[in-house]
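Trainee: Before I ask anything, here is the structure I am working with.
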Amino acid sequence: MNAVPDSLRAKDLGAQPFAPGDIFLGATDVDDSNVDLRKHAGDGRVLHYDANFNLKGELRTGLRGLVIGLDVDSPSGELLVCDSQNRAVTRFDKTGRKLDPWPFLPARPFGAVMADGQGRLILGVHSDRPGLAPPGQGGRGAFLYRADPRAGTIEEFQCDFDGGKFGFHRVTHMYVAENGARLIYVSENGGRVMQFDLATGAQLPDLFVLPPDDVMGTCGLALHPDGALMMAMGSSAALFDEKGKIIRRIDIPERKGWSRLQRAKDGKTFFISNFFDGVIQRRDLATLEVLAQHDIGRKYSLTGIAEF
């Protein structure tokens with residue numbers, strides 16, 4: 001193991017070219033020795049690894065805020081990095097060079113981004129609080145968008161939300177299903193697992209709703225190959241059927257912070273990560289067993305996951 005944690009070594013490595021299988025982790029350079037989650041912020045940063053979690057470098061957004069969601073725009077290979085505090089989506093090309101912002105993208109507090117398999121990107125507005133979304137910026141009431149970078153166009157959709165635990169969260173975690181036709185999404189630490197028809201622009205009935213007395217909340221999610229919904233829930237994670245019944249538990253340490261769950265591009269594994277601890281695991285989709293685990297060396301920082 002390296003004596004110096006990744007969060008300290010990365011600055012010396014700088015930006016590096018992207019290679020197939022590389023993993024990117026949203027890891028804002030925060031001060032984790034004095035944490036106030038109400039004012040949580042730091043220098044925007046993404047840690048860059050190879051497929052085996054060997055550190056290759058880092059990417060800096062140049063903004064002070066909190067990096068949340070990220071994904072790769074498949075046709076161009078650009079990495080997209082959402083910072084809701086700055087209402088910004090920062091772009092990096094395959095060499096690690098920071099690019100100019102897209103002029104067609106509204107200044108909204110985006111926190112989730114995912115390619116739809118059709119060359120477009122689905123973007124979710126993370127929060128709706130004073131100072132995060134000024135009036136006139138792309139529609140004050142829209143919390144879901146679809147961008148077409150090649151055409152330079154943006155669509156906005158009116159979608160439901162449940163506000164999450166604190167009432168201000170909107171579309172914080174999502175999974176694009178059926179080749180871009182259906183979106184499954186949640187408001188962080190809420191109770192509803194919601195659905196939206198991206199083909200028609202219509203709200204669909206909730207996939208299911210957690211029991212009112214459930215101490216867990218909705219976080220990162222994805223569909224298992226057998227159709228079950230996989231979801232991180234803060235202190236636990238599980239697979240659910242379409243009625244919300246737990247089919248199988250994912251055996252993770254019973255502590256708070258498990259917020260991201262994402263299928264890997266290999267179709268055989270998935271990632272689950274802990275924001276409080278700074279730990280990410282790669283697990284087998286079939287057995288749910290841990291295949292690899294990595295600690296980034298920074299607490300209260302690890303958020304989004306993307307693969308090249």
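Identifiers in this document derive from the order of the structure tokens: chains are assigned A, B, ..., residues are numbered from 1 separately in each chain, and ligands are numbered from 1 in order of occurrence.
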Neighbours of region 285-287 of chain A within 12 Å (only C-alpha atoms; same-chain residues fewer than 5 positions away dropped), as a list in words?
Mentor: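 Close residues of region 285-287 of chain A: Ala222, Leu223, His224, Pro225, Asp226, Ala228, Met230, Leu239, Arg248, Arg249, Ile250, Asp251, Leu261, Gln262, Arg263, Ala264, Lys265, Asp266, Gly267, Lys268, Thr269, Phe270, Phe271 and Ile272 of chain A.
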Trainee: When you look at Met231 (chain A) with a cut-off of 6 Å (counting only C-alpha atoms), what residues show up, excluding the ones that are within fewer than 4 positions of it in the same chain? I need them as a CSV table (one decimal) with N, CA and C atoms, in the first residue's frame.
Mentor:
chain,number,residue,atom,x,y,z
A,220,GLY,N,-28.1,6.0,-4.5
A,220,GLY,CA,-27.6,5.5,-5.8
A,220,GLY,C,-28.3,4.3,-6.2
A,221,LEU,N,-28.7,4.2,-7.6
A,221,LEU,CA,-29.5,3.0,-8.0
A,221,LEU,C,-29.1,2.6,-9.4
A,237,ALA,N,-27.7,-1.5,1.6
A,237,ALA,CA,-28.0,-1.6,0.2
A,237,ALA,C,-28.7,-2.9,-0.1
A,238,ALA,N,-29.5,-2.9,-1.1
A,238,ALA,CA,-30.3,-4.1,-1.4
A,238,ALA,C,-30.8,-4.2,-2.8
Trainee: Would you mind listing what lies within 7 Å of Pro109 (chain A) as a ChimeraX atom specification, with only C-alpha atoms counted and same-chain residues fewer than 4 positions away left out?
Mentor: /A:83-88,125-127,132-133
Trainee: Store the residues of this selection in a file with N, CA and C atoms, as a PDB file, in the first residue's frame.
Mentor:
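Saved to again.pdb:
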ATOM      1  N   ASP A  83     -21.035  20.360 -10.767  1.00  0.00           N
ATOM      2  CA  ASP A  83     -20.850  21.041  -9.501  1.00  0.00           C
ATOM      3  C   ASP A  83     -22.090  21.889  -9.269  1.00  0.00           C
ATOM      4  N   SER A  84     -22.996  21.410  -8.420  1.00  0.00           N
ATOM      5  CA  SER A  84     -24.274  22.101  -8.246  1.00  0.00           C
ATOM      6  C   SER A  84     -24.105  23.460  -7.561  1.00  0.00           C
ATOM      7  N   GLN A  85     -23.108  23.591  -6.679  1.00  0.00           N
ATOM      8  CA  GLN A  85     -22.923  24.860  -5.990  1.00  0.00           C
ATOM      9  C   GLN A  85     -22.574  25.989  -6.957  1.00  0.00           C
ATOM     10  N   ASN A  86     -21.855  25.659  -8.023  1.00  0.00           N
ATOM     11  CA  ASN A  86     -21.450  26.658  -9.009  1.00  0.00           C
ATOM     12  C   ASN A  86     -22.347  26.683 -10.246  1.00  0.00           C
ATOM     13  N   ARG A  87     -23.398  25.826 -10.255  1.00  0.00           N
ATOM     14  CA  ARG A  87     -24.280  25.729 -11.420  1.00  0.00           C
ATOM     15  C   ARG A  87     -23.456  25.510 -12.690  1.00  0.00           C
ATOM     16  N   ALA A  88     -22.506  24.568 -12.603  1.00  0.00           N
ATOM     17  CA  ALA A  88     -21.557  24.389 -13.703  1.00  0.00           C
ATOM     18  C   ALA A  88     -21.376  22.915 -14.043  1.00  0.00           C
ATOM     19  N   VAL A 125     -31.216  18.161 -11.899  1.00  0.00           N
ATOM     20  CA  VAL A 125     -30.932  19.255 -10.975  1.00  0.00           C
ATOM     21  C   VAL A 125     -30.892  18.686  -9.558  1.00  0.00           C
ATOM     22  N   HIS A 126     -29.787  18.935  -8.879  1.00  0.00           N
ATOM     23  CA  HIS A 126     -29.548  18.317  -7.582  1.00  0.00           C
ATOM     24  C   HIS A 126     -30.419  18.900  -6.481  1.00  0.00           C
ATOM     25  N   SER A 127     -30.485  20.231  -6.392  1.00  0.00           N
ATOM     26  CA  SER A 127     -31.156  20.898  -5.274  1.00  0.00           C
ATOM     27  C   SER A 127     -31.901  22.131  -5.757  1.00  0.00           C
ATOM     28  N   LEU A 132     -29.015  28.871  -5.577  1.00  0.00           N
ATOM     29  CA  LEU A 132     -28.543  27.812  -6.461  1.00  0.00           C
ATOM     30  C   LEU A 132     -29.158  27.890  -7.850  1.00  0.00           C
ATOM     31  N   ALA A 133     -30.294  28.510  -7.987  1.00  0.00           N
ATOM     32  CA  ALA A 133     -30.967  28.517  -9.281  1.00  0.00           C
ATOM     33  C   ALA A 133     -31.657  29.854  -9.515  1.00  0.00           C
TER      34      ALA A 133
END
Trainee: Output as a PyMOL selection string all residues of region 14-227 of chain A that backbone DSSP marks as strand (DSSP E or B).
Mentor: chain A and resi 23-27+29+42-49+55-65+67-73+78-83+88-92+98-99+110-115+121-125+127+144-148+153-157+169+173-177+182-186+190+192-197+202-209+218+221-223
Trainee: List the neighbours of region 211-216 of chain A out to 9 Å using only C-alpha atoms; skip same-chain residues closer than 3 positions along the sequence, and give me the result as a list of chain:residue names.
Mentor: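 Near neighbours after the sequence-gap exclusion: A:Asn189, A:Gly190, A:Gly191, A:Met233, A:Gly234, A:Ser235, A:Ser236.
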Trainee: Which residue is closest to Arg192 (chain A)? Choose from A:Leu70, A:Ile252, A:Ala177, A:Val171 and count only C-alpha atoms.
Mentor: A:Val171
Trainee: Determine, for each residue of region 33-122 of chain A having at least one atom at most 10 Å from an atom of region 140-149 of chain A, the closest pair of atoms and their separation in Å to one decimal, counting only C-alpha atoms; order by chain and ascending number, as CSV.
Mentor:
residue,atom,partner,partner_atom,distance
A:Asp73,CA,A:Pro149,CA,8.8
A:Pro75,CA,A:Pro149,CA,9.6
A:Ser76,CA,A:Pro149,CA,9.3
A:Trp102,CA,A:Pro149,CA,8.0
A:Phe104,CA,A:Ala147,CA,8.6
A:Leu105,CA,A:Ala147,CA,7.7
A:Pro106,CA,A:Tyr145,CA,9.6
A:Arg108,CA,A:Phe143,CA,8.7
A:Pro109,CA,A:Phe143,CA,9.1
A:Phe110,CA,A:Phe143,CA,8.5
A:Ala112,CA,A:Leu144,CA,9.6
A:Val113,CA,A:Tyr145,CA,9.5
A:Met114,CA,A:Arg146,CA,9.7
A:Ala115,CA,A:Arg146,CA,9.5
A:Asp116,CA,A:Arg146,CA,9.0
A:Gln118,CA,A:Asp148,CA,9.3
A:Gly119,CA,A:Asp148,CA,7.0
A:Arg120,CA,A:Asp148,CA,4.7
A:Leu121,CA,A:Ala147,CA,5.1
A:Ile122,CA,A:Arg146,CA,4.6
Trainee: Return the single residue from A:Gly180, A:Asp160, A:Glu58, A:Thr218 that is closest to Gln203 (chain A), with distances computed using only C-alpha atoms.
Mentor: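 Checking each candidate against Gln203 (chain A), we get A:Asp160 as the closest.
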Trainee: Using only C-alpha atoms, which of the listed residues (A:Gly21, A:Gly14, A:Gly244, A:Gly163) sits closest to Asp128 (chain A)?
Mentor: A:Gly163
